[in-house]
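Trainee: Quick one: the structure is below, questions incoming.
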Amino acid sequence: IERHGQLVSREDLMNAVWGQVVVTDGVLAQSLIEVRRALGDASQNIVRTVPRRGYIFELPVVEGEQLNHTEHADGHPAVAAKQPAPPAIQTNQPAPPAAAARQPAAATTRSRIPPAAIIGAVLLLAGAGAAAWWLAKTRDPAGHAALPDYGLSLSPPADVASATRSSIAVLPFIDLSPEQNQEYFAEGMSEEILNLLAKSPELQVIARTSSFSFKGSKADIAEIAAKLNVAHVLEGSVRKDGSQLRITAQLIDASDSSHLWSETYDRELQDALAVQREIATHVAQALKVTLAEHGTASPATSTDPAAQESYLRGRFFFTRRAPGDLALAQQSYEEALRIDAKHARAWAGLAGVYGAQMAESGLPVERAVPLRLAALQKALESDPNLSEAHVRMARHQYFVGNEKLGDEHARRAYELDPDNPLVLDHLATRLAWHDRMDEAMALMKRAVMLDPVSSIAHGNFASYLAAAGRYAESRAERLAQIELSPTARPGAQADLMCLLILERRFEEARAMIPRLEPGDVRDKLSAMVAHALGDTASAQAALAKFAARPDASAALIVAEIYAQRDDREQTFHWMAVTRQRVGPDPWSSRNWSESWSLRFSPFLRRFHDDPRWERVSRVSPHETGG
């Protein structure tokens, strides 16, 4: 606020608020999420993020004695602009009891925020514990989410106090090799240890996505533990020189940064798998929990050091996903399989590459689908108990229309790995498709708890919340997604604007239009706002443009525009047109995303109580025998 209208870098903000206390980018991001919540700044008109640079407090600010003494309806003096500014931003905070019966003041040309809200936001920003509090809120208070179709249930998450005593985050081990070229090997070892620990039903293990997000961070253990809401952290290092390994590991109690256990191992490369098991066993003993019984390696992991090293390299590239990494991942997985043709995880990884290439790199569906199926069959032949292979096979079977077989694999994946965020996300999708939204959201809430700094998890959760009509909660998850991943910003900004339109906050929505990338989504949302604000000529011109196009995407947009106008008949007419244009086999065509949006667009789901809804929204290959 002191530098309103000026760019404040992340480093300057950290130094000004926390001083010499070392905090992570994640703590800053989560604190800013809370600031925006306190200010009701869903559209980021007040605190604007400048990607990779910092933040700007956008509203004009004057000193207290210079304030224009316009008052809000609740009697608080306003922070007023001296010049025209965006329309008044409404805070989402509950009104004080004394003001509960009063009506909000009419919007003026001055933007203002009660000083109390600003003070509260600054206090939130100054408290590094705000992030931990926010994460704790994502726990499901109801606890149990039944999944009768799968014959399974989701174990209720414990309260924060009890959960943290049996919880751990495994940080990526540091590469201390002479040539600094073994990052993939160091990370692979720590991931394997994480997987072994995750097999303990008594231990809550934070997912790789979140734990590994602290790679290269200068944050201390206490901050990392607070961010991830865990009581213990395992860190270590790997030095690989030829066939010689030196591996160190330390288990740390986050409450006082004391070492509960530490060890150094000098071994041969061929002993790497045994060392991983030893470390996991010692950690379990220190935490007084029990590991699942296995040998030194599961059937999914090759006992050949060269094959395992190639697999770890492939996993590293697949996860990093920089330009060209999918090809490098495929090359590494194939190299692992040339050495050991029964390396189940390498087969599952290769199946993942084919799926990603189909979605991201233009690999034709007719080529990708049989390649993925063959790889998954090999993975399950090599290890029938590999949950990753089962969940990928479930997705494959749904994709080709075999729902019954897909359900069987989904059930098995959950039985094998009930706390795997990938499995939880998949089951949530399945439940949502069958309109069991409460259960789907309970699963996604648990996935977010286990993978708290995954932008994908927050984004998926936001989508379900929006479809269920819980717009304020969805907006909070979208803001979290944006803060955690700048690359998610363009699409998430559009989703935020959708939420503002659904909440009929049209002036705020209009202010977001310049932030959206040019294209159909921007034109669609602009048409909705224009119609709501009385610019019928522009709205009709945009509608006519989309209606004249022959593609399924345009028909879907027309249906959504009519839905926003509450025109039920036209909405269902254009939903039917979309369904017809999608065709009988949507998942094997370029129109698969329209099939999904027909069922989950928050604009269209408002009419799910209509008898026509099920007929026009569900598009499934099995309906035509595909």
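By order of appearance in the structure tokens: chains A, B, ..., then residues from 1 within every chain, and ligands from 1 in the order shown.
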Report as number ranges by chain all protein, DNA and RNA residues lying within 8 Å of stretch 497-502 of chain A, evaluated on only C-alpha atoms, omitting residues in the same chain fewer than 5 positions from it.
Mentor: A: 43, 466, 471, 474-475, 508-509, 512, 525, 528-529, 564, 603
Trainee: Output all heavy atoms of each residue in that selection to a file, as a short mmCIF file (atom, residue, chain, number, x, y, z; two decimals), in the first residue's frame.
Mentor:
data_model
loop_
_atom_site.label_atom_id
_atom_site.label_comp_id
_atom_site.auth_asym_id
_atom_site.auth_seq_id
_atom_site.Cartn_x
_atom_site.Cartn_y
_atom_site.Cartn_z
N SER A 43 -11.15 -10.87 -8.69
CA SER A 43 -10.72 -10.54 -10.05
C SER A 43 -9.33 -9.92 -10.10
O SER A 43 -8.86 -9.54 -11.16
CB SER A 43 -11.73 -9.59 -10.70
OG SER A 43 -11.87 -8.42 -9.91
N ALA A 466 -17.13 -25.20 -8.97
CA ALA A 466 -17.91 -24.33 -9.86
C ALA A 466 -19.11 -25.08 -10.43
O ALA A 466 -20.22 -24.54 -10.49
CB ALA A 466 -17.02 -23.80 -10.98
N TYR A 471 -19.46 -21.06 -5.90
CA TYR A 471 -18.61 -20.15 -6.66
C TYR A 471 -17.53 -19.50 -5.81
O TYR A 471 -16.39 -19.34 -6.27
CB TYR A 471 -19.46 -19.09 -7.33
CG TYR A 471 -20.55 -19.65 -8.23
CD1 TYR A 471 -21.84 -19.12 -8.23
CD2 TYR A 471 -20.29 -20.73 -9.08
CE1 TYR A 471 -22.83 -19.64 -9.04
CE2 TYR A 471 -21.28 -21.26 -9.90
CZ TYR A 471 -22.54 -20.71 -9.87
OH TYR A 471 -23.53 -21.22 -10.68
N SER A 474 -14.82 -21.99 -5.24
CA SER A 474 -14.12 -22.23 -6.50
C SER A 474 -13.15 -21.10 -6.80
O SER A 474 -12.01 -21.33 -7.24
CB SER A 474 -15.13 -22.37 -7.64
OG SER A 474 -14.48 -22.55 -8.88
N ARG A 475 -13.58 -19.87 -6.53
CA ARG A 475 -12.72 -18.71 -6.79
C ARG A 475 -11.46 -18.78 -5.94
O ARG A 475 -10.35 -18.49 -6.41
CB ARG A 475 -13.50 -17.43 -6.51
CG ARG A 475 -12.76 -16.17 -6.90
CD ARG A 475 -13.68 -14.97 -6.89
NE ARG A 475 -14.30 -14.72 -5.59
CZ ARG A 475 -15.58 -14.93 -5.32
NH1 ARG A 475 -16.40 -15.39 -6.26
NH2 ARG A 475 -16.06 -14.66 -4.13
N GLU A 508 -17.16 -6.10 -12.41
CA GLU A 508 -15.85 -6.69 -12.12
C GLU A 508 -15.41 -7.62 -13.24
O GLU A 508 -14.22 -7.67 -13.59
CB GLU A 508 -15.90 -7.45 -10.80
CG GLU A 508 -16.10 -6.58 -9.58
CD GLU A 508 -16.32 -7.42 -8.34
OE1 GLU A 508 -15.35 -8.05 -7.87
OE2 GLU A 508 -17.45 -7.44 -7.83
N ALA A 509 -16.37 -8.35 -13.79
CA ALA A 509 -16.05 -9.23 -14.91
C ALA A 509 -15.56 -8.43 -16.11
O ALA A 509 -14.59 -8.82 -16.78
CB ALA A 509 -17.27 -10.07 -15.28
N MET A 512 -11.99 -7.51 -16.19
CA MET A 512 -11.03 -8.59 -16.44
C MET A 512 -10.81 -8.87 -17.92
O MET A 512 -9.86 -9.57 -18.28
CB MET A 512 -11.49 -9.88 -15.74
CG MET A 512 -11.40 -9.84 -14.24
SD MET A 512 -11.63 -11.50 -13.53
CE MET A 512 -10.11 -12.32 -14.07
N LEU A 525 -17.14 -14.68 -23.20
CA LEU A 525 -17.36 -14.00 -21.93
C LEU A 525 -17.68 -12.53 -22.13
O LEU A 525 -18.50 -11.95 -21.41
CB LEU A 525 -16.14 -14.17 -21.03
CG LEU A 525 -15.79 -15.62 -20.66
CD1 LEU A 525 -14.55 -15.67 -19.77
CD2 LEU A 525 -16.96 -16.31 -19.97
N MET A 528 -21.31 -12.26 -22.96
CA MET A 528 -22.15 -12.42 -21.77
C MET A 528 -22.22 -11.12 -20.97
O MET A 528 -23.30 -10.69 -20.54
CB MET A 528 -21.60 -13.55 -20.90
CG MET A 528 -21.75 -14.93 -21.48
SD MET A 528 -21.04 -16.18 -20.36
CE MET A 528 -21.46 -17.69 -21.23
N VAL A 529 -21.05 -10.51 -20.76
CA VAL A 529 -21.01 -9.27 -19.99
C VAL A 529 -21.73 -8.14 -20.73
O VAL A 529 -22.48 -7.36 -20.13
CB VAL A 529 -19.54 -8.89 -19.70
CG1 VAL A 529 -19.45 -7.48 -19.10
CG2 VAL A 529 -18.90 -9.90 -18.75
N GLN A 564 -26.57 -18.35 -19.80
CA GLN A 564 -26.31 -17.19 -18.96
C GLN A 564 -27.47 -16.20 -19.03
O GLN A 564 -27.73 -15.46 -18.08
CB GLN A 564 -24.99 -16.54 -19.40
CG GLN A 564 -24.47 -15.48 -18.46
CD GLN A 564 -25.00 -14.10 -18.80
OE1 GLN A 564 -25.23 -13.80 -19.97
NE2 GLN A 564 -25.19 -13.26 -17.79
N PHE A 603 -22.22 -22.96 -16.44
CA PHE A 603 -23.36 -22.26 -17.02
C PHE A 603 -24.48 -23.25 -17.36
O PHE A 603 -25.66 -22.96 -17.13
CB PHE A 603 -22.93 -21.52 -18.29
CG PHE A 603 -21.95 -20.41 -18.06
CD1 PHE A 603 -20.61 -20.56 -18.39
CD2 PHE A 603 -22.37 -19.22 -17.47
CE1 PHE A 603 -19.70 -19.54 -18.16
CE2 PHE A 603 -21.47 -18.19 -17.24
CZ PHE A 603 -20.13 -18.36 -17.57
#
Trainee: Just the helix (DSSP H, G or I) stuff from stretch 149-337 of chain A, please, per backbone DSSP, written as a ChimeraX atom specification.
Mentor: /A:149-150,160-165,183-198,208-214,221-228,269-287,305-320,325-337
Trainee: Would you list the contacts of stretch 209-222 of chain A as JSON, numbers by chain, taking every protein, DNA or RNA residue within 8 Å and counting only C-alpha atoms, but skipping same-chain residues closer than 4 positions in sequence?
Mentor: {"A": [22, 23, 24, 169, 170, 171, 172, 226, 228, 233, 252, 254, 255, 256, 257, 451, 452, 453, 454]}
Trainee: Could those residues be written to a file, using C-alpha atoms, as a PDB file, in the first residue's frame?
Mentor:
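Result file follows (again_16.pdb):
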ATOM      1  CA  VAL A  22      13.746 -16.864   5.762  1.00  0.00           C
ATOM      2  CA  VAL A  23      10.428 -17.716   4.102  1.00  0.00           C
ATOM      3  CA  THR A  24       9.552 -19.553   0.917  1.00  0.00           C
ATOM      4  CA  ALA A 169       7.356 -34.907   3.599  1.00  0.00           C
ATOM      5  CA  VAL A 170      10.266 -36.392   1.651  1.00  0.00           C
ATOM      6  CA  LEU A 171      12.304 -33.632   0.026  1.00  0.00           C
ATOM      7  CA  PRO A 172      14.246 -34.235  -3.199  1.00  0.00           C
ATOM      8  CA  ALA A 226       4.319 -25.573   8.120  1.00  0.00           C
ATOM      9  CA  LEU A 228       2.919 -28.823   3.953  1.00  0.00           C
ATOM     10  CA  VAL A 233      10.754 -33.989   7.050  1.00  0.00           C
ATOM     11  CA  ILE A 252      13.990 -34.118  11.236  1.00  0.00           C
ATOM     12  CA  ALA A 254       9.916 -29.936  12.477  1.00  0.00           C
ATOM     13  CA  SER A 255       8.780 -28.754  15.901  1.00  0.00           C
ATOM     14  CA  ASP A 256      12.334 -28.135  17.096  1.00  0.00           C
ATOM     15  CA  SER A 257      14.495 -29.018  14.025  1.00  0.00           C
ATOM     16  CA  ASP A 451      -0.705 -32.546  -2.512  1.00  0.00           C
ATOM     17  CA  PRO A 452      -1.170 -29.018  -1.123  1.00  0.00           C
ATOM     18  CA  VAL A 453       0.995 -27.058  -3.549  1.00  0.00           C
ATOM     19  CA  SER A 454      -0.132 -28.800  -6.726  1.00  0.00           C
TER      20      SER A 454
END
Trainee: Take atom CA of A:Leu431 and atom CA of A:Pro611 and report the distance between them in Å, one decimal.
Mentor: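 Atom-to-atom, atom CA of A:Leu431 and atom CA of A:Pro611 are spaced 20.4 Å apart.
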Trainee: So which one's closest to A:Pro490, A:Leu245, A:Leu326, A:Ile513, A:Ile557? Using only C-alpha atoms, please.
Mentor: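 For A:Pro490, the nearest of the candidates is A:Ile513.
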Trainee: Leaving out A:Glu403 and any residue of its chain fewer than 5 positions from it, which residues lie within 9 Å of it when counting only C-alpha atoms, given as a list in words?
Mentor: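 My list of contacting residues is Ala394, Gln397, Tyr398, Glu408 and His622 of chain A.
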Trainee: Quick check, in Å to one decimal: how far apart do atom CA of A:Ala537 and atom CA of A:Phe607 lie?
Mentor: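 Computing the Euclidean distance for atom CA of A:Ala537 and atom CA of A:Phe607 yields 26.5 Å.
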Trainee: Which residues, written as a PyMOL selection string, have at least one atom at most 10 Å from A:Lys545, with only C-alpha atoms counted and residues fewer than 3 positions away on the same chain left out?
Mentor: chain A and resi 523+540-542+548-549+554+558
Trainee: Excluding stretch 418-429 of chain A and its own-chain neighbours fewer than 5 positions away, which residues fall within 6 Å of it when counting only C-alpha atoms? Please give them as an mmCIF file with N, CA and C atoms, in the first residue's frame.
Mentor:
data_model
loop_
_atom_site.group_PDB
_atom_site.id
_atom_site.type_symbol
_atom_site.label_atom_id
_atom_site.label_comp_id
_atom_site.auth_asym_id
_atom_site.auth_seq_id
_atom_site.Cartn_x
_atom_site.Cartn_y
_atom_site.Cartn_z
ATOM 1 N N ALA A 440 -17.340 -36.546 -5.062
ATOM 2 C CA ALA A 440 -16.201 -36.147 -5.892
ATOM 3 C C ALA A 440 -15.404 -35.042 -5.213
ATOM 4 N N LEU A 443 -13.288 -36.276 -2.290
ATOM 5 C CA LEU A 443 -12.045 -36.900 -2.743
ATOM 6 C C LEU A 443 -11.032 -35.848 -3.178
ATOM 7 N N ALA A 447 -7.289 -34.987 -1.929
ATOM 8 C CA ALA A 447 -6.155 -34.912 -2.854
ATOM 9 C C ALA A 447 -5.382 -33.619 -2.639
#
Trainee: So which residues touch A:Thr571 within 10 Å, counting only C-alpha atoms, skipping near sequence neighbours fewer than 4 positions away, as a PyMOL selection string?
Mentor: chain A and resi 555-567+575-577+603-604+607
Trainee: If you measure from atom CA of A:Ser310 to atom CA of A:Val275, what distance in Å do you get, rounded to one decimal?
Mentor: 18.2 Å
Trainee: Which is closest to A:Gly349 among A:Asn195, A:Gln580, A:Ser332, A:Asn15, if we use only C-alpha atoms?
Mentor: A:Ser332
Trainee: If you run DSSP on the backbone, which residues of stretch 155-317 of chain A are strand (DSSP E or B), as number ranges by chain?
Mentor: A: 167-170, 174-175, 204-205, 232-241, 244-253, 258-268
Trainee: When distances are computed from only C-alpha atoms, which of A:Glu477, A:Glu594, A:Glu235, A:Asp241 shows the smallest separation from A:Ser262?
Mentor: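 Among the listed residues, the smallest separation from A:Ser262 belongs to A:Glu235.
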